[in-house]
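Structure data follow from entry-v3.pdb (PDB, C-alpha atoms and all ligand atoms):
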MODEL        1
ATOM      1  CA  MET A   1      50.845 -97.366  23.369
ATOM      2  CA  GLN A   2      53.176 -95.178  21.430
ATOM      3  CA  THR A   3      55.072 -92.666  23.502
ATOM      4  CA  ILE A   4      53.346 -89.338  23.712
ATOM      5  CA  ASN A   5      55.790 -86.556  23.114
ATOM      6  CA  TRP A   6      54.390 -83.833  25.312
ATOM      7  CA  TYR A   7      57.284 -82.377  27.232
ATOM      8  CA  PRO A   8      59.102 -80.348  24.657
ATOM      9  CA  GLY A   9      60.643 -76.960  25.318
ATOM     10  CA  HIS A  10      57.379 -75.158  25.819
ATOM     11  CA  MET A  11      56.656 -77.126  28.997
ATOM     12  CA  THR A  12      60.000 -76.127  30.485
ATOM     13  CA  LYS A  13      59.149 -72.542  29.663
ATOM     14  CA  ALA A  14      55.681 -72.957  31.163
ATOM     15  CA  ARG A  15      57.205 -74.288  34.356
ATOM     16  CA  ARG A  16      59.555 -71.370  34.720
ATOM     17  CA  SER A  17      56.798 -68.832  34.189
ATOM     18  CA  LEU A  18      54.602 -70.740  36.664
ATOM     19  CA  GLU A  19      57.318 -70.545  39.312
ATOM     20  CA  GLU A  20      57.515 -66.779  38.789
ATOM     21  CA  ASP A  21      53.753 -66.355  39.021
ATOM     22  CA  LEU A  22      53.552 -68.427  42.184
ATOM     23  CA  LYS A  23      55.611 -65.792  43.998
ATOM     24  CA  LEU A  24      52.729 -63.364  43.563
ATOM     25  CA  ILE A  25      49.905 -65.411  45.048
ATOM     26  CA  ASP A  26      48.452 -66.788  48.270
ATOM     27  CA  VAL A  27      46.097 -69.473  46.987
ATOM     28  CA  VAL A  28      46.494 -72.048  44.220
ATOM     29  CA  VAL A  29      43.204 -73.131  42.636
ATOM     30  CA  GLU A  30      43.967 -76.457  41.019
ATOM     31  CA  ILE A  31      41.487 -77.621  38.406
ATOM     32  CA  VAL A  32      41.345 -81.326  37.575
ATOM     33  CA  ASP A  33      39.067 -83.276  35.248
ATOM     34  CA  ALA A  34      36.688 -85.330  37.414
ATOM     35  CA  ARG A  35      36.986 -88.249  34.971
ATOM     36  CA  ALA A  36      40.722 -88.601  35.549
ATOM     37  CA  PRO A  37      41.854 -86.714  38.652
ATOM     38  CA  LEU A  38      44.990 -88.804  39.127
ATOM     39  CA  ALA A  39      46.206 -88.300  35.583
ATOM     40  CA  CYS A  40      45.717 -84.531  35.917
ATOM     41  CA  ARG A  41      48.120 -84.389  38.850
ATOM     42  CA  ASN A  42      51.767 -84.977  39.416
ATOM     43  CA  PRO A  43      54.015 -85.510  42.448
ATOM     44  CA  ASP A  44      56.002 -82.446  41.274
ATOM     45  CA  PHE A  45      53.114 -80.244  42.391
ATOM     46  CA  GLU A  46      53.645 -80.992  46.073
ATOM     47  CA  LYS A  47      57.013 -79.285  45.982
ATOM     48  CA  LEU A  48      55.899 -76.541  43.642
ATOM     49  CA  PHE A  49      52.900 -75.543  45.789
ATOM     50  CA  ARG A  50      54.303 -76.338  49.209
ATOM     51  CA  ASN A  51      54.006 -72.834  50.640
ATOM     52  CA  LYS A  52      50.589 -72.088  49.203
ATOM     53  CA  LEU A  53      47.055 -72.503  50.416
ATOM     54  CA  ARG A  54      45.373 -74.953  48.082
ATOM     55  CA  VAL A  55      41.936 -75.462  46.638
ATOM     56  CA  MET A  56      40.931 -78.179  44.202
ATOM     57  CA  LEU A  57      37.968 -78.172  41.842
ATOM     58  CA  LEU A  58      36.849 -81.518  40.472
ATOM     59  CA  ASN A  59      35.666 -79.922  37.241
ATOM     60  CA  LYS A  60      33.495 -81.397  34.480
ATOM     61  CA  SER A  61      31.796 -83.397  37.220
ATOM     62  CA  ASP A  62      28.718 -83.298  34.969
ATOM     63  CA  LEU A  63      30.582 -85.654  32.615
ATOM     64  CA  SER A  64      31.706 -88.112  35.289
ATOM     65  CA  ALA A  65      29.937 -90.721  37.392
ATOM     66  CA  PRO A  66      28.183 -89.207  40.456
ATOM     67  CA  ALA A  67      29.435 -91.976  42.786
ATOM     68  CA  ALA A  68      32.998 -91.438  41.584
ATOM     69  CA  ASN A  69      32.713 -87.669  42.154
ATOM     70  CA  LYS A  70      31.695 -88.276  45.742
ATOM     71  CA  ALA A  71      34.464 -90.829  46.292
ATOM     72  CA  TRP A  72      37.097 -88.437  44.944
ATOM     73  CA  VAL A  73      35.863 -85.516  47.053
ATOM     74  CA  ARG A  74      36.062 -87.723  50.158
ATOM     75  CA  HIS A  75      39.524 -88.860  49.144
ATOM     76  CA  PHE A  76      41.042 -85.418  48.602
ATOM     77  CA  ALA A  77      39.244 -83.928  51.607
ATOM     78  CA  GLY A  78      40.834 -86.747  53.624
ATOM     79  CA  GLU A  79      44.202 -85.467  52.453
ATOM     80  CA  GLY A  80      43.353 -82.064  53.889
ATOM     81  CA  ILE A  81      42.632 -80.410  50.541
ATOM     82  CA  SER A  82      39.721 -77.948  50.198
ATOM     83  CA  VAL A  83      37.855 -79.646  47.365
ATOM     84  CA  MET A  84      34.461 -79.642  45.660
ATOM     85  CA  GLU A  85      32.686 -81.070  42.635
ATOM     86  CA  TYR A  86      32.428 -78.411  39.994
ATOM     87  CA  VAL A  87      30.920 -77.556  36.610
ATOM     88  CA  SER A  88      32.682 -74.478  35.323
ATOM     89  CA  VAL A  89      30.362 -74.011  32.326
ATOM     90  CA  ASN A  90      27.577 -73.482  34.855
ATOM     91  CA  SER A  91      27.455 -69.827  35.998
ATOM     92  CA  SER A  92      25.484 -70.561  39.155
ATOM     93  CA  ALA A  93      28.386 -72.555  40.608
ATOM     94  CA  ARG A  94      30.457 -69.361  40.811
ATOM     95  CA  LYS A  95      29.491 -68.346  44.337
ATOM     96  CA  ASN A  96      30.386 -71.780  45.718
ATOM     97  CA  ALA A  97      33.869 -71.527  44.262
ATOM     98  CA  VAL A  98      34.376 -68.018  45.648
ATOM     99  CA  ALA A  99      33.246 -69.200  49.093
ATOM    100  CA  LEU A 100      35.564 -72.212  48.969
ATOM    101  CA  ILE A 101      38.573 -70.109  47.956
ATOM    102  CA  GLU A 102      37.880 -67.435  50.598
ATOM    103  CA  LYS A 103      37.484 -70.103  53.265
ATOM    104  CA  ALA A 104      40.750 -71.754  52.298
ATOM    105  CA  GLY A 105      42.398 -68.327  52.300
ATOM    106  CA  GLU A 106      41.136 -67.401  55.753
ATOM    107  CA  PRO A 107      44.544 -67.894  57.475
ATOM    108  CA  VAL A 108      46.089 -65.301  55.136
ATOM    109  CA  LEU A 109      43.143 -62.913  55.454
ATOM    110  CA  LYS A 110      43.401 -63.200  59.224
ATOM    111  CA  LYS A 111      47.089 -62.387  59.122
ATOM    112  CA  TYR A 112      46.353 -59.205  57.170
ATOM    113  CA  ARG A 113      43.494 -58.292  59.519
ATOM    114  CA  ASP A 114      45.659 -58.819  62.603
ATOM    115  CA  LYS A 115      48.227 -56.424  61.173
ATOM    116  CA  GLY A 116      45.476 -53.938  60.485
ATOM    117  CA  VAL A 117      46.161 -53.888  56.745
ATOM    118  CA  SER A 118      43.378 -54.181  54.228
ATOM    119  CA  LYS A 119      44.651 -56.597  51.654
ATOM    120  CA  THR A 120      42.918 -59.070  49.412
ATOM    121  CA  LEU A 121      43.721 -62.692  48.747
ATOM    122  CA  ARG A 122      45.505 -63.303  45.500
ATOM    123  CA  ALA A 123      44.672 -66.537  43.726
ATOM    124  CA  MET A 124      45.845 -68.255  40.593
ATOM    125  CA  VAL A 125      44.199 -71.009  38.577
ATOM    126  CA  VAL A 126      46.385 -73.928  37.515
ATOM    127  CA  GLY A 127      45.804 -77.147  35.608
ATOM    128  CA  ILE A 128      46.770 -79.260  32.617
ATOM    129  CA  PRO A 129      45.349 -78.316  29.178
ATOM    130  CA  ASN A 130      41.606 -78.561  28.537
ATOM    131  CA  VAL A 131      40.400 -79.077  32.121
ATOM    132  CA  GLY A 132      38.381 -75.844  32.032
ATOM    133  CA  LYS A 133      40.762 -73.186  33.376
ATOM    134  CA  SER A 134      39.752 -70.426  30.955
ATOM    135  CA  THR A 135      36.058 -71.218  31.311
ATOM    136  CA  PHE A 136      36.416 -71.013  35.076
ATOM    137  CA  ILE A 137      38.247 -67.688  35.014
ATOM    138  CA  ASN A 138      35.753 -66.188  32.576
ATOM    139  CA  LYS A 139      32.744 -67.256  34.641
ATOM    140  CA  LEU A 140      34.320 -66.038  37.850
ATOM    141  CA  ALA A 141      35.421 -62.745  36.415
ATOM    142  CA  GLY A 142      32.136 -62.133  34.589
ATOM    143  CA  VAL A 143      31.582 -58.880  32.747
ATOM    144  CA  THR A 144      34.004 -56.926  34.911
ATOM    145  CA  ARG A 145      36.914 -58.794  33.424
ATOM    146  CA  ALA A 146      39.794 -56.764  32.100
ATOM    147  CA  GLN A 147      39.802 -57.108  28.335
ATOM    148  CA  VAL A 148      43.519 -56.911  27.773
ATOM    149  CA  GLY A 149      45.925 -59.326  29.411
ATOM    150  CA  ASP A 150      49.659 -59.054  29.623
ATOM    151  CA  ARG A 151      51.500 -61.048  27.042
ATOM    152  CA  PRO A 152      53.726 -63.670  28.644
ATOM    153  CA  GLY A 153      57.379 -62.941  28.197
ATOM    154  CA  VAL A 154      56.709 -59.404  27.029
ATOM    155  CA  THR A 155      55.339 -57.560  30.028
ATOM    156  CA  ARG A 156      56.274 -58.346  33.583
ATOM    157  CA  GLY A 157      53.134 -57.036  35.239
ATOM    158  CA  LYS A 158      50.123 -59.247  35.725
ATOM    159  CA  GLN A 159      46.464 -58.504  35.219
ATOM    160  CA  TRP A 160      44.324 -59.100  38.267
ATOM    161  CA  VAL A 161      40.581 -59.441  38.261
ATOM    162  CA  LYS A 162      38.623 -58.390  41.322
ATOM    163  CA  ILE A 163      36.282 -61.252  42.223
ATOM    164  CA  SER A 164      34.990 -60.138  45.628
ATOM    165  CA  PRO A 165      36.011 -57.580  48.286
ATOM    166  CA  TYR A 166      38.458 -60.208  49.572
ATOM    167  CA  LEU A 167      39.637 -61.931  46.433
ATOM    168  CA  GLU A 168      41.626 -61.159  43.300
ATOM    169  CA  LEU A 169      42.382 -63.645  40.559
ATOM    170  CA  MET A 170      45.295 -63.647  38.148
ATOM    171  CA  ASP A 171      43.679 -63.514  34.728
ATOM    172  CA  THR A 172      46.058 -65.973  33.072
ATOM    173  CA  PRO A 173      46.094 -69.560  34.310
ATOM    174  CA  GLY A 174      49.215 -71.592  35.040
ATOM    175  CA  LEU A 175      49.834 -74.540  32.786
ATOM    176  CA  LEU A 176      50.640 -77.868  34.440
ATOM    177  CA  TRP A 177      51.797 -81.193  33.066
ATOM    178  CA  GLY A 178      49.975 -84.459  33.716
ATOM    179  CA  LYS A 179      51.347 -87.821  34.664
ATOM    180  CA  LEU A 180      52.646 -89.126  31.361
ATOM    181  CA  ASP A 181      55.266 -91.573  32.622
ATOM    182  CA  ASP A 182      52.489 -93.962  33.637
ATOM    183  CA  GLN A 183      50.949 -95.451  30.475
ATOM    184  CA  THR A 184      47.492 -95.949  31.970
ATOM    185  CA  LEU A 185      47.303 -92.381  33.217
ATOM    186  CA  ALA A 186      48.757 -91.054  29.941
ATOM    187  CA  LYS A 187      45.900 -92.816  28.147
ATOM    188  CA  HIS A 188      43.373 -91.048  30.377
ATOM    189  CA  ILE A 189      44.959 -87.675  29.611
ATOM    190  CA  ALA A 190      44.539 -88.436  25.918
ATOM    191  CA  TYR A 191      40.885 -89.498  26.383
ATOM    192  CA  ILE A 192      39.935 -86.230  28.073
ATOM    193  CA  GLY A 193      41.490 -84.143  25.315
ATOM    194  CA  SER A 194      44.469 -82.760  27.217
ATOM    195  CA  ILE A 195      46.946 -83.850  24.576
ATOM    196  CA  ARG A 196      46.599 -82.359  21.126
ATOM    197  CA  ASP A 197      45.068 -84.968  18.853
ATOM    198  CA  ASP A 198      47.478 -84.122  16.041
ATOM    199  CA  ILE A 199      50.495 -85.348  17.997
ATOM    200  CA  MET A 200      49.090 -88.774  18.810
ATOM    201  CA  ASP A 201      47.629 -91.759  17.010
ATOM    202  CA  ILE A 202      43.928 -91.040  17.375
ATOM    203  CA  GLU A 203      42.867 -94.442  16.047
ATOM    204  CA  GLU A 204      44.918 -96.132  18.725
ATOM    205  CA  ILE A 205      43.546 -93.851  21.479
ATOM    206  CA  ALA A 206      39.932 -94.195  20.310
ATOM    207  CA  GLY A 207      40.282 -97.997  20.132
ATOM    208  CA  LEU A 208      41.688 -98.143  23.669
ATOM    209  CA  LEU A 209      38.914 -95.815  24.854
ATOM    210  CA  LEU A 210      36.287 -98.155  23.398
ATOM    211  CA  CYS A 211      37.826-101.144  25.210
ATOM    212  CA  ASP A 212      37.837 -99.225  28.515
ATOM    213  CA  LEU A 213      34.264 -97.981  28.054
ATOM    214  CA  ASP A 214      33.188-101.529  27.213
ATOM    215  CA  LYS A 215      34.263-102.526  30.719
ATOM    216  CA  LEU A 216      32.968 -99.434  32.517
ATOM    217  CA  CYS A 217      29.618 -98.877  30.801
ATOM    218  CA  PRO A 218      28.920-101.652  28.254
ATOM    219  CA  GLY A 219      25.199-100.872  28.072
ATOM    220  CA  ALA A 220      25.632 -97.211  27.199
ATOM    221  CA  LEU A 221      28.297 -98.048  24.630
ATOM    222  CA  ALA A 222      26.146-100.664  22.897
ATOM    223  CA  GLU A 223      23.244 -98.227  22.899
ATOM    224  CA  ARG A 224      25.300 -95.591  21.098
ATOM    225  CA  TYR A 225      26.963 -97.875  18.523
ATOM    226  CA  LYS A 226      24.540-100.669  17.716
ATOM    227  CA  LYS A 227      26.824-102.900  15.690
ATOM    228  CA  LEU A 228      29.449-103.043  18.429
ATOM    229  CA  SER A 229      27.646-105.969  20.031
ATOM    230  CA  ALA A 230      28.649-108.110  17.054
ATOM    231  CA  VAL A 231      32.357-107.624  17.811
ATOM    232  CA  GLU A 232      33.806-110.809  19.259
ATOM    233  CA  ASP A 233      37.292-109.817  20.298
ATOM    234  CA  ARG A 234      36.326-107.071  22.720
ATOM    235  CA  ASP A 235      39.852-106.500  24.005
ATOM    236  CA  LEU A 236      41.112-105.690  20.524
ATOM    237  CA  PRO A 237      41.063-101.897  20.005
ATOM    238  CA  GLU A 238      41.077-102.152  16.175
ATOM    239  CA  ALA A 239      38.138-104.551  16.170
ATOM    240  CA  MET A 240      36.126-102.253  18.446
ATOM    241  CA  LEU A 241      36.875 -99.254  16.236
ATOM    242  CA  GLU A 242      35.733-101.180  13.173
ATOM    243  CA  GLY A 243      32.529-101.970  15.061
ATOM    244  CA  VAL A 244      31.917 -98.236  15.443
ATOM    245  CA  ALA A 245      32.684 -97.617  11.750
ATOM    246  CA  ARG A 246      30.121-100.290  10.796
ATOM    247  CA  SER A 247      27.559 -98.879  13.211
ATOM    248  CA  ARG A 248      27.802 -95.476  11.532
ATOM    249  CA  GLY A 249      28.133 -96.785   7.995
ATOM    250  CA  PHE A 250      31.678 -95.402   7.615
ATOM    251  CA  ILE A 251      32.626 -97.854   4.859
ATOM    252  CA  LEU A 252      35.047 -96.930   2.093
ATOM    253  CA  SER A 253      35.100 -98.394  -1.410
ATOM    254  CA  GLY A 254      36.100-102.042  -1.321
ATOM    255  CA  GLY A 255      34.266-102.502   1.987
ATOM    256  CA  VAL A 256      37.131-101.144   4.108
ATOM    257  CA  CYS A 257      36.120 -99.481   7.381
ATOM    258  CA  ASP A 258      36.944 -95.780   7.677
ATOM    259  CA  THR A 259      38.508 -96.159  11.114
ATOM    260  CA  GLU A 260      39.994 -92.682  11.111
ATOM    261  CA  ARG A 261      36.561 -91.124  10.794
ATOM    262  CA  ALA A 262      35.241 -93.531  13.434
ATOM    263  CA  ALA A 263      38.067 -92.514  15.793
ATOM    264  CA  ARG A 264      37.188 -88.821  15.495
ATOM    265  CA  ILE A 265      33.540 -89.551  16.179
ATOM    266  CA  VAL A 266      34.307 -91.672  19.250
ATOM    267  CA  LEU A 267      36.623 -89.057  20.771
ATOM    268  CA  ASP A 268      34.250 -86.172  19.996
ATOM    269  CA  GLU A 269      31.200 -87.960  21.342
ATOM    270  CA  PHE A 270      32.961 -89.174  24.452
ATOM    271  CA  ARG A 271      34.383 -85.749  25.268
ATOM    272  CA  ALA A 272      30.996 -84.129  24.751
ATOM    273  CA  GLY A 273      29.536 -86.548  27.300
ATOM    274  CA  LYS A 274      27.327 -88.263  24.708
ATOM    275  CA  ILE A 275      28.385 -91.838  25.435
ATOM    276  CA  ALA A 276      28.226 -92.070  29.223
ATOM    277  CA  LYS A 277      29.204 -90.361  32.446
ATOM    278  CA  VAL A 278      32.273 -92.275  33.558
ATOM    279  CA  CYS A 279      35.357 -91.939  35.683
ATOM    280  CA  PHE A 280      38.442 -93.902  34.677
ATOM    281  CA  GLU A 281      40.136 -93.842  38.052
ATOM    282  CA  SER A 282      39.318 -94.829  41.581
ATOM    283  CA  PRO A 283      40.770 -93.546  44.839
ATOM    284  CA  GLU A 284      40.569 -97.032  46.372
ATOM    285  CA  GLU A 285      42.744 -99.137  44.128
ATOM    286  CA  GLY A 286      43.950 -96.759  41.451
ATOM    287  CA  GLY A 287      41.517 -98.687  39.238
ATOM    288  CA  ASN A 288      38.040 -97.805  38.083
ATOM    289  CA  VAL A 289      34.958 -96.483  39.826
ATOM    290  CA  ASP A 290      31.671 -97.867  38.546
ATOM    291  CA  ALA A 291      29.069 -95.484  37.244
TER     292      ALA A 291
HETATM  293  N1  LIG B   1      30.682 -80.365  30.248
HETATM  294  C1  LIG B   1      31.585 -79.496  30.699
HETATM  295  N2  LIG B   1      32.436 -78.901  29.837
HETATM  296  C2  LIG B   1      33.336 -78.033  30.330
HETATM  297  C3  LIG B   1      33.400 -77.708  31.719
HETATM  298  N3  LIG B   1      34.398 -76.826  31.900
HETATM  299  C4  LIG B   1      34.937 -76.589  30.672
HETATM  300  N4  LIG B   1      34.292 -77.306  29.732
HETATM  301  C5  LIG B   1      34.609 -77.344  28.287
HETATM  302  O1  LIG B   1      35.917 -77.896  28.160
HETATM  303  C6  LIG B   1      36.618 -77.284  27.068
HETATM  304  C7  LIG B   1      37.948 -76.759  27.539
HETATM  305  O2  LIG B   1      37.748 -75.670  28.425
HETATM  306  P1  LIG B   1      38.820 -74.495  28.601
HETATM  307  O3  LIG B   1      38.274 -73.554  29.619
HETATM  308  O4  LIG B   1      39.228 -73.937  27.302
HETATM  309  O5  LIG B   1      40.064 -75.323  29.225
HETATM  310  P2  LIG B   1      41.568 -74.834  29.526
HETATM  311  O6  LIG B   1      42.407 -75.379  28.421
HETATM  312  O7  LIG B   1      41.907 -75.491  30.829
HETATM  313  O8  LIG B   1      41.559 -73.353  29.623
HETATM  314  C8  LIG B   1      35.685 -76.213  26.528
HETATM  315  O9  LIG B   1      35.008 -76.756  25.412
HETATM  316  C9  LIG B   1      34.711 -75.964  27.666
HETATM  317  O10 LIG B   1      33.450 -75.523  27.232
HETATM  318  C10 LIG B   1      32.481 -78.370  32.617
HETATM  319  O11 LIG B   1      32.482 -78.178  33.841
HETATM  320  N5  LIG B   1      31.600 -79.253  32.040
HETATM  321 MG    MG B   2      42.674 -72.005  28.381
ENDMDL
END

Final structure tokens representation of the file:
Amino acid sequence: MQTINWYPGHMTKARRSLEEDLKLIDVVVEIVDARAPLACRNPDFEKLFRNKLRVMLLNKSDLSAPAANKAWVRHFAGEGISVMEYVSVNSSARKNAVALIEKAGEPVLKKYRDKGVSKTLRAMVVGIPNVGKSTFINKLAGVTRAQVGDRPGVTRGKQWVKISPYLELMDTPGLLWGKLDDQTLAKHIAYIGSIRDDIMDIEEIAGLLLCDLDKLCPGALAERYKKLSAVEDRDLPEAMLEGVARSRGFILSGGVCDTERAARIVLDEFRAGKIAKVCFESPEEGGNVDA
């Protein structure tokens, strides 16, 4: 796969501003995509968050395989992380998240109580692009949300949103960087839409996605793109993408397949959960979890 150029200057800047913000908070709420929790994380985080209480939300769990969600929750819980399956587009999940964060923050709340001071927990949402950070903050903050946020780099103060009598949330999330030095994990980050499509070869990514889905959920894939079953070389990304183009009738003059259009369709439909609920990673062997 071609190298994905994702660590330019703005990530260095993001890291610096994250380090500043971390000084202000007690609890880090880390949001990962349930379909690729490994790719959403990075060994750097251990050092970065070492003095913080930590909560993890396995978000977009509605788009992943139920068995995989359970396996990942067990895995992270086994590492001592406060974790739950989550769907941040779903408003009714809000109270569960608040309860989880307050429970994880109990040691800090107790410290305040013991000193006789009334102070609230301060939490910050972090995650790589597109995992659902803004959706989560908006749902949690609801209608009481402050309309105007501080502009990064311009104002030093932060906006805080009161979530409960015990909890305040920073209204801007911290941006993290996924695990791009591992080609398999980098691929997963591309699948879930955390790398801007305009800086990568979408035909290559969509072709690779089709090959992976063909192993994870062949039935669902064949159901969605009928003419894929005629493809013989199923490990060849280009051949699979042409199969999709044929299935949808994306044929240009001269009988050439419009693979670019097919690539957009595959990525859009996958990300919208229209192909299948799958997880690309497994806690057991770093491989795949079956649906
Ligand atoms: N199906 C599903 N979609 C979600 C969920 N959370 C967020 N999204 C969608 O994912 C996209 C990215 O969300 P956003 O909050 O902007 O991510 P951010 O970049 O981390 O702030 C949006 O289209 C959301 O509607 C979820 O739990 N389930
Ligand atoms: Mg956002």

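Candidate residues A:Arg234, A:Lys115, A:Lys60, A:Lys226 were compared for distance to ligand LIG 1 (chain B), and the nearest is A:Lys60, using all atoms listed in the file.
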
Given only C-alpha atoms as the counted atoms, nearest of A:Lys52, A:Lys162, A:Arg35, A:Arg246 to A:Ala141: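 Nearest to A:Ala141: A:Lys162.
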
Skipping near chain neighbours, those fewer than 3 positions away, what residues fall within 8 Å of A:Leu100 using all atoms listed in the file, listed as JSON, numbers by chain? {"A": [55, 82, 83, 96, 97, 103, 104]}

Taking only C-alpha atoms and all ligand atoms and a cut-off of 12 Å, can you tell me which residues surround ligand MG 2 (chain B), written as a list in words?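 Those within range of ligand MG 2 (chain B) are Ile31, Val125, Val126, Gly127, Ile128, Pro129, Asn130, Val131, Gly132, Lys133, Ser134, Thr135, Phe136, Ile137, Asn138, Asp171, Thr172, Pro173, Gly174, Leu175, Leu176 and Ser194 of chain A.
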
What are the centre and the three edge lengths of an axis-aligned box that wraps all atoms of ligand LIG 1 (chain B) in the file, given that 8 Å is added to every side, written as lines of an AutoDock Vina configuration file and rounded to one decimal in Å?
center_x = 36.5
center_y = -76.9
center_z = 29.6
size_x = 27.7
size_y = 23.0
size_z = 24.4

9 Å contact set for A:Asn42, all atoms listed in the file, chain neighbours under 4 positions out, as a CSV table (one decimal) with C-alpha atoms, in the coordinates of the input:
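To be explicit, this is the file written out as out24.csv:
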chain,number,residue,atom,x,y,z
A,38,LEU,CA,45.0,-88.8,39.1
A,46,GLU,CA,53.6,-81.0,46.1
A,176,LEU,CA,50.6,-77.9,34.4
A,177,TRP,CA,51.8,-81.2,33.1
A,178,GLY,CA,50.0,-84.5,33.7
A,179,LYS,CA,51.3,-87.8,34.7

Reconstructed all heavy atoms for stretch 112-118 of chain A, given as an mmCIF file, in the coordinates of the input:
data_model
loop_
_atom_site.group_PDB
_atom_site.id
_atom_site.type_symbol
_atom_site.label_atom_id
_atom_site.label_comp_id
_atom_site.auth_asym_id
_atom_site.auth_seq_id
_atom_site.Cartn_x
_atom_site.Cartn_y
_atom_site.Cartn_z
ATOM 1 N N TYR A 112 46.463 -60.604 57.597
ATOM 2 C CA TYR A 112 46.353 -59.205 57.170
ATOM 3 C C TYR A 112 45.534 -58.408 58.183
ATOM 4 O O TYR A 112 45.898 -57.308 58.573
ATOM 5 C CB TYR A 112 45.671 -59.099 55.792
ATOM 6 C CG TYR A 112 46.470 -59.675 54.629
ATOM 7 C CD1 TYR A 112 45.816 -60.192 53.517
ATOM 8 C CD2 TYR A 112 47.859 -59.667 54.633
ATOM 9 C CE1 TYR A 112 46.516 -60.701 52.436
ATOM 10 C CE2 TYR A 112 48.577 -60.186 53.552
ATOM 11 C CZ TYR A 112 47.891 -60.696 52.467
ATOM 12 O OH TYR A 112 48.583 -61.196 51.407
ATOM 13 N N ARG A 113 44.382 -58.986 58.576
ATOM 14 C CA ARG A 113 43.494 -58.292 59.519
ATOM 15 C C ARG A 113 44.220 -57.977 60.821
ATOM 16 O O ARG A 113 44.143 -56.876 61.348
ATOM 17 C CB ARG A 113 42.270 -59.169 59.821
ATOM 18 C CG ARG A 113 41.075 -58.918 58.913
ATOM 19 C CD ARG A 113 39.779 -59.442 59.539
ATOM 20 N NE ARG A 113 39.881 -60.786 60.080
ATOM 21 C CZ ARG A 113 39.613 -61.912 59.391
ATOM 22 N NH1 ARG A 113 39.225 -61.836 58.130
ATOM 23 N NH2 ARG A 113 39.706 -63.077 59.973
ATOM 24 N N ASP A 114 44.947 -58.986 61.336
ATOM 25 C CA ASP A 114 45.659 -58.819 62.603
ATOM 26 C C ASP A 114 46.688 -57.696 62.532
ATOM 27 O O ASP A 114 46.970 -57.032 63.516
ATOM 28 C CB ASP A 114 46.356 -60.130 63.020
ATOM 29 C CG ASP A 114 45.349 -61.190 63.419
ATOM 30 O OD1 ASP A 114 44.147 -60.834 63.554
ATOM 31 O OD2 ASP A 114 45.734 -62.367 63.576
ATOM 32 N N LYS A 115 47.246 -57.506 61.347
ATOM 33 C CA LYS A 115 48.227 -56.424 61.173
ATOM 34 C C LYS A 115 47.549 -55.089 60.887
ATOM 35 O O LYS A 115 48.220 -54.075 60.725
ATOM 36 C CB LYS A 115 49.156 -56.742 59.984
ATOM 37 C CG LYS A 115 50.182 -57.820 60.255
ATOM 38 C CD LYS A 115 51.115 -57.894 59.044
ATOM 39 C CE LYS A 115 51.942 -59.165 59.045
ATOM 40 N NZ LYS A 115 52.361 -59.525 57.670
ATOM 41 N N GLY A 116 46.219 -55.162 60.757
ATOM 42 C CA GLY A 116 45.476 -53.938 60.485
ATOM 43 C C GLY A 116 45.601 -53.450 59.049
ATOM 44 O O GLY A 116 45.278 -52.321 58.737
ATOM 45 N N VAL A 117 46.086 -54.316 58.152
ATOM 46 C CA VAL A 117 46.161 -53.888 56.745
ATOM 47 C C VAL A 117 44.973 -54.450 55.978
ATOM 48 O O VAL A 117 44.519 -55.561 56.245
ATOM 49 C CB VAL A 117 47.471 -54.348 56.048
ATOM 50 C CG1 VAL A 117 48.640 -53.525 56.513
ATOM 51 C CG2 VAL A 117 47.729 -55.824 56.244
ATOM 52 N N SER A 118 44.469 -53.653 55.041
ATOM 53 C CA SER A 118 43.378 -54.181 54.228
ATOM 54 C C SER A 118 43.978 -54.691 52.933
ATOM 55 O O SER A 118 44.406 -53.937 52.073
ATOM 56 C CB SER A 118 42.324 -53.101 53.972
ATOM 57 O OG SER A 118 42.803 -52.147 53.089
#
